[in-house]
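Colleague: Just upload-v4.pdb, nothing more (PDB, C-alpha atoms):
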```pdb
ATOM      1  CA  MET A  31     -16.040 -19.818 -16.898
ATOM      2  CA  ALA A  32     -12.406 -20.857 -16.996
ATOM      3  CA  SER A  33     -11.075 -17.470 -17.987
ATOM      4  CA  HIS A  34     -10.027 -14.811 -15.539
ATOM      5  CA  LYS A  35     -12.090 -11.608 -15.318
ATOM      6  CA  LEU A  36     -12.538 -11.442 -19.081
ATOM      7  CA  MET A  37     -15.969  -9.832 -19.009
ATOM      8  CA  ASN A  38     -15.324  -7.015 -16.557
ATOM      9  CA  PRO A  39     -13.937  -3.577 -17.472
ATOM     10  CA  VAL A  40     -10.624  -2.735 -15.812
ATOM     11  CA  PHE A  41      -9.410   0.709 -14.851
ATOM     12  CA  SER A  42      -5.811   1.397 -13.930
ATOM     13  CA  ARG A  43      -5.002   3.371 -10.814
ATOM     14  CA  ARG A  44      -3.586   6.061 -13.118
ATOM     15  CA  GLU A  45      -6.926   6.409 -14.917
ATOM     16  CA  ILE A  46      -8.829   6.496 -11.658
ATOM     17  CA  LEU A  47      -6.570   9.110 -10.073
ATOM     18  CA  LYS A  48      -7.121  11.325 -13.100
ATOM     19  CA  THR A  49     -10.835  11.354 -12.269
ATOM     20  CA  MET A  50     -10.437  11.804  -8.525
ATOM     21  CA  GLY A  51     -11.044  15.071  -6.768
ATOM     22  CA  VAL A  52      -8.146  17.221  -5.586
ATOM     23  CA  ALA A  53      -8.328  16.053  -1.974
ATOM     24  CA  GLY A  54      -8.385  12.315  -2.629
ATOM     25  CA  GLY A  55      -5.895  12.485  -5.480
ATOM     26  CA  ALA A  56      -3.437  14.606  -3.558
ATOM     27  CA  VAL A  57      -3.436  12.276  -0.553
ATOM     28  CA  ALA A  58      -2.665   9.303  -2.747
ATOM     29  CA  LEU A  59      -0.075  10.936  -4.952
ATOM     30  CA  ASN A  60       1.813  12.658  -2.139
ATOM     31  CA  SER A  61       2.272   9.359  -0.311
ATOM     32  CA  LEU A  62       3.611   7.231  -3.130
ATOM     33  CA  ASP A  63       7.246   7.569  -2.082
ATOM     34  CA  SER A  64       6.655   6.913   1.616
ATOM     35  CA  PHE A  65       8.178   3.459   1.457
ATOM     36  CA  ALA A  66      11.170   4.451  -0.668
ATOM     37  CA  LYS A  67      12.163   6.949   2.027
ATOM     38  CA  LYS A  68      12.466   4.156   4.611
ATOM     39  CA  PRO A  69      15.346   2.039   3.291
ATOM     40  CA  ASP A  70      16.069   0.676   6.757
ATOM     41  CA  LYS A  71      12.628  -0.894   6.963
ATOM     42  CA  MET A  72      11.803  -4.437   5.913
ATOM     43  CA  ILE A  73       8.544  -5.518   4.328
ATOM     44  CA  LEU A  74       6.397  -7.713   6.521
ATOM     45  CA  GLN A  75       7.344 -11.362   6.015
ATOM     46  CA  ARG A  76       4.956 -14.247   6.515
ATOM     47  CA  ALA A  77       5.709 -17.951   6.676
ATOM     48  CA  ILE A  78       4.521 -20.577   4.221
ATOM     49  CA  PRO A  79       2.967 -23.119   6.611
ATOM     50  CA  ALA A  80       4.178 -26.159   4.661
ATOM     51  CA  THR A  81       7.854 -25.337   5.200
ATOM     52  CA  GLY A  82       8.221 -22.244   7.364
ATOM     53  CA  GLU A  83       9.916 -20.386   4.485
ATOM     54  CA  LYS A  84       9.114 -16.687   4.721
ATOM     55  CA  ILE A  85       8.048 -14.468   1.827
ATOM     56  CA  PRO A  86       7.128 -10.770   1.711
ATOM     57  CA  ALA A  87       3.439 -10.220   2.408
ATOM     58  CA  VAL A  88       3.005  -7.875  -0.577
ATOM     59  CA  GLY A  89       3.770  -9.193  -4.059
ATOM     60  CA  LEU A  90       2.987  -8.313  -7.660
ATOM     61  CA  GLY A  91       0.279  -9.510 -10.009
ATOM     62  CA  SER A  92       0.832  -9.440 -13.773
ATOM     63  CA  TRP A  93      -2.591  -9.784 -15.394
ATOM     64  CA  GLN A  94      -2.944  -7.192 -18.193
ATOM     65  CA  GLN A  95      -0.038  -4.975 -17.090
ATOM     66  CA  PHE A  96       2.615  -7.444 -18.248
ATOM     67  CA  ASP A  97       0.898  -8.466 -21.480
ATOM     68  CA  VAL A  98       3.026  -6.219 -23.698
ATOM     69  CA  GLY A  99       5.182  -6.550 -26.787
ATOM     70  CA  ALA A 100       8.908  -7.140 -27.143
ATOM     71  CA  SER A 101      10.111  -3.588 -27.731
ATOM     72  CA  ALA A 102      12.214  -1.835 -25.108
ATOM     73  CA  GLY A 103       9.738   1.022 -25.038
ATOM     74  CA  GLU A 104       6.790  -1.211 -24.253
ATOM     75  CA  ARG A 105       8.699  -2.936 -21.479
ATOM     76  CA  ALA A 106      10.563   0.026 -19.987
ATOM     77  CA  SER A 107       8.167   0.747 -17.115
ATOM     78  CA  LEU A 108       7.874  -2.955 -16.280
ATOM     79  CA  LYS A 109      11.634  -3.301 -16.153
ATOM     80  CA  GLU A 110      11.735  -0.410 -13.693
ATOM     81  CA  VAL A 111       9.004  -2.045 -11.616
ATOM     82  CA  ILE A 112      10.907  -5.322 -11.345
ATOM     83  CA  GLN A 113      14.175  -3.593 -10.529
ATOM     84  CA  LYS A 114      12.559  -1.397  -7.858
ATOM     85  CA  MET A 115      10.706  -4.354  -6.404
ATOM     86  CA  ASN A 116      13.994  -6.156  -5.871
ATOM     87  CA  GLU A 117      15.578  -3.052  -4.348
ATOM     88  CA  LEU A 118      12.731  -2.682  -1.864
ATOM     89  CA  GLY A 119      12.684  -6.322  -0.820
ATOM     90  CA  GLY A 120       9.712  -7.581  -2.802
ATOM     91  CA  LYS A 121       9.861 -11.142  -4.148
ATOM     92  CA  VAL A 122       6.550 -12.713  -5.168
ATOM     93  CA  ILE A 123       5.490 -12.288  -8.815
ATOM     94  CA  ASP A 124       2.360 -14.119  -9.980
ATOM     95  CA  ALA A 125       1.604 -14.990 -13.622
ATOM     96  CA  SER A 126      -0.393 -17.384 -15.804
ATOM     97  CA  PRO A 127      -0.456 -18.629 -19.400
ATOM     98  CA  MET A 128      -3.844 -16.903 -19.568
ATOM     99  CA  TYR A 129      -2.182 -13.512 -19.099
ATOM    100  CA  GLY A 130      -1.014 -13.255 -22.697
ATOM    101  CA  ARG A 131       2.717 -12.563 -22.895
ATOM    102  CA  ALA A 132       3.176 -11.955 -19.164
ATOM    103  CA  GLU A 133       5.224 -15.073 -18.442
ATOM    104  CA  HIS A 134       7.594 -14.343 -21.308
ATOM    105  CA  VAL A 135       7.984 -10.698 -20.312
ATOM    106  CA  ILE A 136       8.709 -11.594 -16.685
ATOM    107  CA  GLY A 137      11.268 -14.181 -17.763
ATOM    108  CA  ASP A 138      12.993 -11.826 -20.180
ATOM    109  CA  LEU A 139      13.146  -8.872 -17.806
ATOM    110  CA  THR A 140      14.299 -10.781 -14.739
ATOM    111  CA  ARG A 141      16.978 -12.475 -16.853
ATOM    112  CA  ASP A 142      18.115  -9.193 -18.409
ATOM    113  CA  LEU A 143      18.377  -7.659 -14.948
ATOM    114  CA  LYS A 144      20.173 -10.771 -13.647
ATOM    115  CA  LEU A 145      17.528 -11.024 -10.934
ATOM    116  CA  ASN A 146      15.569 -14.118 -11.922
ATOM    117  CA  ASP A 147      16.770 -16.186  -8.979
ATOM    118  CA  GLN A 148      15.987 -13.348  -6.564
ATOM    119  CA  PHE A 149      12.243 -13.685  -7.041
ATOM    120  CA  PHE A 150       9.625 -16.122  -5.834
ATOM    121  CA  LEU A 151       7.957 -16.830  -9.194
ATOM    122  CA  ALA A 152       4.480 -18.292  -9.395
ATOM    123  CA  THR A 153       2.482 -19.278 -12.435
ATOM    124  CA  LYS A 154      -0.416 -21.568 -13.331
ATOM    125  CA  VAL A 155      -1.617 -24.403 -15.507
ATOM    126  CA  TRP A 156      -4.715 -23.380 -17.468
ATOM    127  CA  THR A 157      -5.820 -26.120 -19.813
ATOM    128  CA  THR A 158      -7.593 -29.491 -19.894
ATOM    129  CA  GLY A 159      -5.955 -32.900 -20.058
ATOM    130  CA  LYS A 160      -2.809 -34.402 -18.553
ATOM    131  CA  GLN A 161      -0.474 -34.031 -21.532
ATOM    132  CA  ALA A 162      -1.782 -30.574 -22.388
ATOM    133  CA  GLY A 163      -1.025 -29.549 -18.815
ATOM    134  CA  ILE A 164       2.482 -31.002 -18.955
ATOM    135  CA  ASP A 165       3.178 -29.245 -22.256
ATOM    136  CA  GLN A 166       1.874 -25.939 -20.961
ATOM    137  CA  MET A 167       3.889 -26.104 -17.751
ATOM    138  CA  ASN A 168       7.052 -26.931 -19.686
ATOM    139  CA  GLU A 169       6.409 -23.860 -21.826
ATOM    140  CA  SER A 170       5.904 -21.746 -18.709
ATOM    141  CA  LEU A 171       9.228 -22.856 -17.258
ATOM    142  CA  GLN A 172      10.929 -21.957 -20.512
ATOM    143  CA  LYS A 173       9.200 -18.574 -20.811
ATOM    144  CA  MET A 174       9.966 -17.634 -17.223
ATOM    145  CA  ASP A 175      13.558 -18.842 -17.558
ATOM    146  CA  ARG A 176      13.305 -21.380 -14.757
ATOM    147  CA  LYS A 177      14.311 -24.993 -14.318
ATOM    148  CA  THR A 178      12.306 -25.057 -11.086
ATOM    149  CA  MET A 179       9.143 -23.026 -10.486
ATOM    150  CA  ASP A 180       8.598 -21.779  -6.957
ATOM    151  CA  LEU A 181       4.837 -22.179  -7.122
ATOM    152  CA  MET A 182       2.684 -23.870  -9.772
ATOM    153  CA  GLN A 183      -1.046 -23.334  -9.370
ATOM    154  CA  ILE A 184      -4.096 -24.803 -11.075
ATOM    155  CA  HIS A 185      -5.817 -21.809 -12.632
ATOM    156  CA  ASN A 186      -9.505 -21.352 -11.751
ATOM    157  CA  LEU A 187      -9.886 -25.040 -10.812
ATOM    158  CA  GLN A 188      -9.685 -26.066 -14.468
ATOM    159  CA  ASP A 189      -9.341 -29.874 -14.654
ATOM    160  CA  TRP A 190      -7.841 -29.621 -11.188
ATOM    161  CA  GLN A 191      -7.985 -33.294 -10.281
ATOM    162  CA  THR A 192      -5.986 -34.255 -13.378
ATOM    163  CA  HIS A 193      -3.387 -31.541 -12.912
ATOM    164  CA  LEU A 194      -3.023 -32.143  -9.183
ATOM    165  CA  LYS A 195      -1.628 -35.609  -9.855
ATOM    166  CA  THR A 196       0.952 -34.152 -12.255
ATOM    167  CA  LEU A 197       1.895 -31.413  -9.812
ATOM    168  CA  ARG A 198       2.543 -33.945  -7.092
ATOM    169  CA  ASP A 199       4.851 -35.845  -9.438
ATOM    170  CA  TRP A 200       6.655 -32.669 -10.440
ATOM    171  CA  LYS A 201       7.097 -31.633  -6.829
ATOM    172  CA  SER A 202       8.619 -34.995  -5.946
ATOM    173  CA  GLN A 203      10.995 -34.555  -8.910
ATOM    174  CA  GLY A 204      12.006 -31.063  -7.763
ATOM    175  CA  ARG A 205      10.534 -29.320 -10.817
ATOM    176  CA  ILE A 206       8.231 -27.229  -8.637
ATOM    177  CA  ARG A 207       8.591 -26.292  -5.001
ATOM    178  CA  TYR A 208       4.975 -25.673  -4.021
ATOM    179  CA  ILE A 209       1.536 -26.686  -5.331
ATOM    180  CA  GLY A 210      -1.425 -24.305  -5.415
ATOM    181  CA  ILE A 211      -4.969 -23.837  -6.673
ATOM    182  CA  THR A 212      -6.757 -20.612  -7.593
ATOM    183  CA  HIS A 213     -10.020 -18.876  -8.397
ATOM    184  CA  TYR A 214     -11.363 -15.339  -8.430
ATOM    185  CA  THR A 215     -15.083 -15.633  -7.621
ATOM    186  CA  ASP A 216     -17.022 -16.125  -4.389
ATOM    187  CA  SER A 217     -18.931 -19.011  -5.956
ATOM    188  CA  ALA A 218     -15.720 -21.087  -6.035
ATOM    189  CA  HIS A 219     -14.876 -20.634  -2.354
ATOM    190  CA  ALA A 220     -16.719 -23.728  -1.185
ATOM    191  CA  ARG A 221     -14.800 -25.978  -3.584
ATOM    192  CA  LEU A 222     -11.508 -24.284  -2.690
ATOM    193  CA  GLU A 223     -12.284 -24.907   0.971
ATOM    194  CA  GLU A 224     -12.866 -28.610   0.319
ATOM    195  CA  ILE A 225      -9.479 -28.869  -1.373
ATOM    196  CA  VAL A 226      -7.791 -26.897   1.401
ATOM    197  CA  LYS A 227      -9.249 -29.216   4.028
ATOM    198  CA  SER A 228      -7.961 -32.231   2.118
ATOM    199  CA  LYS A 229      -4.464 -30.742   2.523
ATOM    200  CA  ALA A 230      -3.743 -31.512  -1.128
ATOM    201  CA  VAL A 231      -2.113 -28.130  -1.785
ATOM    202  CA  ASP A 232       0.467 -25.827  -0.231
ATOM    203  CA  PHE A 233      -1.179 -22.600  -1.457
ATOM    204  CA  VAL A 234      -4.667 -21.381  -2.246
ATOM    205  CA  GLN A 235      -5.292 -18.131  -4.145
ATOM    206  CA  PHE A 236      -8.634 -16.321  -4.189
ATOM    207  CA  ASN A 237     -10.413 -12.950  -4.244
ATOM    208  CA  TYR A 238     -10.761 -10.909  -1.058
ATOM    209  CA  SER A 239     -11.062  -7.206  -0.293
ATOM    210  CA  ILE A 240     -12.442  -4.768   2.246
ATOM    211  CA  ARG A 241     -15.847  -4.901   0.515
ATOM    212  CA  SER A 242     -15.722  -8.431  -0.896
ATOM    213  CA  ARG A 243     -15.443 -10.429   2.310
ATOM    214  CA  ASN A 244     -17.027 -13.795   1.515
ATOM    215  CA  ALA A 245     -13.709 -15.500   2.279
ATOM    216  CA  GLU A 246     -14.054 -14.410   5.905
ATOM    217  CA  LYS A 247     -17.017 -16.760   6.396
ATOM    218  CA  SER A 248     -14.867 -19.873   6.471
ATOM    219  CA  LEU A 249     -12.265 -20.127   3.685
ATOM    220  CA  LEU A 250      -9.588 -18.030   5.382
ATOM    221  CA  ASN A 251     -10.018 -19.917   8.639
ATOM    222  CA  ALA A 252      -9.890 -23.248   6.811
ATOM    223  CA  ALA A 253      -6.594 -22.294   5.196
ATOM    224  CA  ARG A 254      -5.134 -21.215   8.529
ATOM    225  CA  ASP A 255      -6.346 -24.315  10.364
ATOM    226  CA  ASN A 256      -5.065 -26.694   7.676
ATOM    227  CA  GLY A 257      -1.653 -25.149   7.143
ATOM    228  CA  VAL A 258      -2.247 -23.769   3.643
ATOM    229  CA  ALA A 259      -0.668 -20.495   2.522
ATOM    230  CA  VAL A 260      -3.037 -17.843   1.144
ATOM    231  CA  ILE A 261      -2.468 -15.509  -1.805
ATOM    232  CA  ILE A 262      -5.080 -12.797  -2.345
ATOM    233  CA  ASN A 263      -6.103 -11.512  -5.762
ATOM    234  CA  GLU A 264      -8.542  -8.684  -6.583
ATOM    235  CA  PRO A 265      -7.494  -6.557  -3.557
ATOM    236  CA  PHE A 266      -8.649  -3.358  -5.288
ATOM    237  CA  GLU A 267     -11.708  -4.922  -6.967
ATOM    238  CA  GLN A 268     -10.331  -4.038 -10.419
ATOM    239  CA  GLY A 269     -10.109  -0.389  -9.389
ATOM    240  CA  ALA A 270     -13.652  -0.128  -8.026
ATOM    241  CA  LEU A 271     -12.334   0.692  -4.546
ATOM    242  CA  PHE A 272     -10.489   3.731  -5.870
ATOM    243  CA  ARG A 273     -13.652   4.918  -7.586
ATOM    244  CA  ALA A 274     -15.530   4.490  -4.301
ATOM    245  CA  VAL A 275     -13.208   6.944  -2.521
ATOM    246  CA  LYS A 276     -13.152   9.516  -5.313
ATOM    247  CA  GLY A 277     -12.807  12.973  -3.798
ATOM    248  CA  LYS A 278     -12.480  11.637  -0.246
ATOM    249  CA  ASP A 279      -9.768  12.318   2.316
ATOM    250  CA  LEU A 280      -8.227   9.449   4.230
ATOM    251  CA  PRO A 281      -9.903   9.145   7.633
ATOM    252  CA  ALA A 282      -7.832  10.661  10.431
ATOM    253  CA  TRP A 283      -7.517   7.304  12.175
ATOM    254  CA  ALA A 284      -5.652   5.838   9.178
ATOM    255  CA  ALA A 285      -2.444   7.235  10.703
ATOM    256  CA  ASP A 286      -2.932   4.878  13.653
ATOM    257  CA  TYR A 287      -1.997   2.070  11.278
ATOM    258  CA  ASP A 288       0.779   3.896   9.399
ATOM    259  CA  ILE A 289      -1.495   4.253   6.370
ATOM    260  CA  SER A 290      -0.598   7.075   3.993
ATOM    261  CA  SER A 291      -2.645   6.211   0.888
ATOM    262  CA  TRP A 292      -5.868   4.576  -0.179
ATOM    263  CA  ALA A 293      -3.983   1.598  -1.604
ATOM    264  CA  GLN A 294      -2.325   1.013   1.754
ATOM    265  CA  LEU A 295      -5.647   1.191   3.571
ATOM    266  CA  PHE A 296      -7.164  -1.431   1.274
ATOM    267  CA  LEU A 297      -4.105  -3.681   1.474
ATOM    268  CA  LYS A 298      -3.633  -3.332   5.232
ATOM    269  CA  TYR A 299      -7.219  -4.382   5.803
ATOM    270  CA  ILE A 300      -6.387  -7.643   4.028
ATOM    271  CA  LEU A 301      -3.035  -8.111   5.763
ATOM    272  CA  GLY A 302      -4.725  -7.522   9.111
ATOM    273  CA  ASN A 303      -6.023 -11.070   8.730
ATOM    274  CA  GLU A 304      -3.104 -13.263   9.759
ATOM    275  CA  ALA A 305      -4.332 -16.143   7.584
ATOM    276  CA  VAL A 306      -3.224 -14.123   4.552
ATOM    277  CA  THR A 307       0.306 -14.946   3.468
ATOM    278  CA  CYS A 308       0.630 -12.570   0.508
ATOM    279  CA  VAL A 309      -1.487 -10.123  -1.486
ATOM    280  CA  ILE A 310      -0.673  -9.477  -5.147
ATOM    281  CA  PRO A 311      -1.885  -6.125  -6.503
ATOM    282  CA  GLY A 312      -0.895  -5.573 -10.115
ATOM    283  CA  THR A 313       0.784  -2.456 -11.474
ATOM    284  CA  SER A 314       3.049  -1.270 -14.264
ATOM    285  CA  GLU A 315       4.214   1.889 -12.473
ATOM    286  CA  VAL A 316       7.064   2.225  -9.999
ATOM    287  CA  LYS A 317       5.256   4.790  -7.859
ATOM    288  CA  HIS A 318       2.293   2.474  -7.387
ATOM    289  CA  LEU A 319       4.525  -0.519  -6.703
ATOM    290  CA  THR A 320       6.339   1.503  -4.046
ATOM    291  CA  ASP A 321       3.051   2.555  -2.507
ATOM    292  CA  ASN A 322       1.715  -0.999  -2.499
ATOM    293  CA  LEU A 323       4.862  -2.423  -0.905
ATOM    294  CA  GLY A 324       4.532   0.285   1.738
ATOM    295  CA  ALA A 325       1.493  -1.578   3.048
ATOM    296  CA  GLY A 326       3.972  -4.136   4.350
ATOM    297  CA  LEU A 327       5.493  -1.580   6.713
ATOM    298  CA  GLY A 328       4.358  -0.350  10.099
ATOM    299  CA  ARG A 329       1.328  -1.235  12.161
ATOM    300  CA  LEU A 330      -1.539  -3.400  10.946
ATOM    301  CA  PRO A 331      -5.140  -2.996  12.086
ATOM    302  CA  ASP A 332      -6.369  -5.333  14.803
ATOM    303  CA  GLN A 333      -9.897  -6.740  14.821
ATOM    304  CA  ALA A 334     -11.371  -3.495  16.110
ATOM    305  CA  GLY A 335      -9.452  -1.495  13.526
ATOM    306  CA  ARG A 336     -10.587  -3.717  10.689
ATOM    307  CA  LYS A 337     -14.196  -3.404  11.863
ATOM    308  CA  LYS A 338     -13.786   0.376  11.816
ATOM    309  CA  MET A 339     -12.463   0.181   8.252
ATOM    310  CA  VAL A 340     -15.434  -1.881   7.094
ATOM    311  CA  GLU A 341     -17.927   0.462   8.724
ATOM    312  CA  TRP A 342     -16.252   3.434   7.117
ATOM    313  CA  ILE A 343     -16.203   2.012   3.585
ATOM    314  CA  THR A 344     -19.781   0.742   3.990
ATOM    315  CA  ASN A 345     -20.977   4.219   4.934
ATOM    316  CA  LEU A 346     -19.650   5.531   1.631
ATOM    317  CA  SER A 347     -22.177   3.451  -0.291
TER     318      SER A 347
END
```
Could you rewrite the structure in this file as structure tokens?
Modeller:
Amino acid sequence: MASHKLMNPVFSRREILKTMGVAGGAVALNSLDSFAKKPDKMILQRAIPATGEKIPAVGLGSWQQFDVGASAGERASLKEVIQKMNELGGKVIDASPMYGRAEHVIGDLTRDLKLNDQFFLATKVWTTGKQAGIDQMNESLQKMDRKTMDLMQIHNLQDWQTHLKTLRDWKSQGRIRYIGITHYTDSAHARLEEIVKSKAVDFVQFNYSIRSRNAEKSLLNAARDNGVAVIINEPFEQGALFRAVKGKDLPAWAADYDISSWAQLFLKYILGNEAVTCVIPGTSEVKHLTDNLGAGLGRLPDQAGRKKMVEWITNLS
């Protein structure tokens, strides 16, 4: 299926926290401002292998949350999210034509805030045929208020061989800076790995989480060994990870890795793998953005720590 997660129900962190027990909910909610209170700290930066350019290791996804109307009321929380993200040193915002009005909203808000050039903007081509791809990418540039896109990705491998040729041309012309390819299911990892090993792309984006670890078999290593940057989607498994810890306290050892919330535990597990360049949890709330970006601060789990995390989450099942 070419679409992105269309068949699965999605629960926002807000909805999940409403259903959580007092202990689990309190731990999460009381830690949401931990990053904002550390203005002297800088989010973890990781290098894009193709150039050495560094980007923050925690970014922002826009699927569903940014598909809103044009009214100021509908966009108010998103405007706050973008403004706060800039203040806290975040840069990477990921979109797609498939995400409804997300590209347009991101373009409008970053322009209104006079911050468009401050962000590393990524979007995708999601159609079939050379000219259709060119037309769609031109529309994306216009919607996101860019003459040059930082990263253009082929969404869910759709007609990827056709689009890859166009992306190479556009990169040589300076219309895009980096080329990427994406998917969100384990079944696509083998094909993504083939493309990564061919060194045809600068970025690869795929699903990976503390419980969904298929990428650890070989895809993450292939990206590292072939100099391809990695963006991770589905870090919270569409909210399923928050449901899994309903009513639970953070384990005492979480403090060893400067973890103060469930979101940070899930994100730091991912960032503990050095092959990961950036993870892009989505949110429309400033407090959750702040919490997510906080995963880019402090200590990360080593191999032993990550093993402990996996054992702990597995024992909850």
Colleague: With a cut-off of 10 Å, could you pull out the residues of stretch 124-185 of chain A touching stretch 220-234 of chain A and give me the nearest pair of atoms for each, distance in Å to one decimal, using all atoms listed in the file, ordered by chain and ascending number, as a tab-separated table?
Modeller:
```
residue	atom	partner	partner_atom	distance
A:Leu181	CA	A:Phe233	CA	8.3
A:Met182	CA	A:Phe233	CA	9.3
A:Gln183	CA	A:Phe233	CA	7.9
A:Ile184	CA	A:Val234	CA	9.5
```
Colleague: How far is it from atom CA of A:Ala132 to atom CA of A:Ser92, in Å with one decimal?
Modeller: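 Straight-line distance from atom CA of A:Ala132 to atom CA of A:Ser92 works out to 6.4 Å.
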Colleague: Given the point (-10.6, -8.6, -7.0) in the file's coordinates, find the residues that have an atom at most 8 Å from it, counting only C-alpha atoms, and give them as a list in words.
Modeller: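 The residues that fall inside the cut-off are Tyr214, Asn237, Tyr238, Ser239, Ser242, Asn263, Glu264, Pro265, Phe266, Glu267 and Gln268 of chain A.
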Colleague: Can you list, as a list in words, the residues that the PyMOL selection byres ((chain A and resi 78) around 9) selects here?
Modeller: Arg76, Ala77, Pro79, Ala80, Thr81, Gly82, Glu83, Lys84, Ile85, Asp232, Phe233, Gly257, Val258, Ala259, Val260 and Thr307 of chain A
Colleague: Rounded to one decimal place, report the atom CA of A:Ala218-atom CA of A:Phe236 distance in Å.
Modeller: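 Taking atom CA of A:Ala218 as the start and atom CA of A:Phe236 as the end point, the length is 8.7 Å.
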Colleague: Could you add the missing atoms to stretch 229-240 of chain A, up to N, CA, C and O atoms, and return them as a short mmCIF file (atom, residue, chain, number, x, y, z; two decimals), keeping the file's coordinate frame?
Modeller:
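File written: rebuild25.cif
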```
data_model
loop_
_atom_site.label_atom_id
_atom_site.label_comp_id
_atom_site.auth_asym_id
_atom_site.auth_seq_id
_atom_site.Cartn_x
_atom_site.Cartn_y
_atom_site.Cartn_z
N LYS A 229 -5.91 -30.97 2.40
CA LYS A 229 -4.46 -30.74 2.52
C LYS A 229 -3.70 -31.22 1.28
O LYS A 229 -2.56 -31.68 1.38
N ALA A 230 -4.35 -31.07 0.13
CA ALA A 230 -3.74 -31.51 -1.13
C ALA A 230 -2.83 -30.46 -1.73
O ALA A 230 -2.07 -30.76 -2.66
N VAL A 231 -2.89 -29.23 -1.20
CA VAL A 231 -2.11 -28.13 -1.78
C VAL A 231 -1.35 -27.38 -0.70
O VAL A 231 -1.69 -27.44 0.48
N ASP A 232 -0.31 -26.67 -1.15
CA ASP A 232 0.47 -25.83 -0.23
C ASP A 232 -0.06 -24.40 -0.20
O ASP A 232 0.12 -23.69 0.80
N PHE A 233 -0.66 -23.97 -1.32
CA PHE A 233 -1.18 -22.60 -1.46
C PHE A 233 -2.59 -22.63 -2.01
O PHE A 233 -2.94 -23.50 -2.81
N VAL A 234 -3.38 -21.64 -1.61
CA VAL A 234 -4.67 -21.38 -2.25
C VAL A 234 -4.73 -19.88 -2.54
O VAL A 234 -4.32 -19.06 -1.72
N GLN A 235 -5.19 -19.54 -3.74
CA GLN A 235 -5.29 -18.13 -4.14
C GLN A 235 -6.75 -17.81 -4.47
O GLN A 235 -7.41 -18.57 -5.18
N PHE A 236 -7.24 -16.69 -3.95
CA PHE A 236 -8.63 -16.32 -4.19
C PHE A 236 -8.84 -14.82 -3.99
O PHE A 236 -7.94 -14.10 -3.53
N ASN A 237 -10.04 -14.36 -4.35
CA ASN A 237 -10.41 -12.95 -4.24
C ASN A 237 -10.81 -12.60 -2.81
O ASN A 237 -11.46 -13.37 -2.11
N TYR A 238 -10.44 -11.39 -2.39
CA TYR A 238 -10.76 -10.91 -1.06
C TYR A 238 -10.43 -9.43 -1.00
O TYR A 238 -9.39 -9.00 -1.51
N SER A 239 -11.32 -8.64 -0.44
CA SER A 239 -11.06 -7.21 -0.29
C SER A 239 -11.90 -6.67 0.86
O SER A 239 -12.72 -7.38 1.45
N ILE A 240 -11.73 -5.40 1.13
CA ILE A 240 -12.44 -4.77 2.25
C ILE A 240 -13.95 -4.79 2.04
O ILE A 240 -14.71 -4.79 3.01
#
```
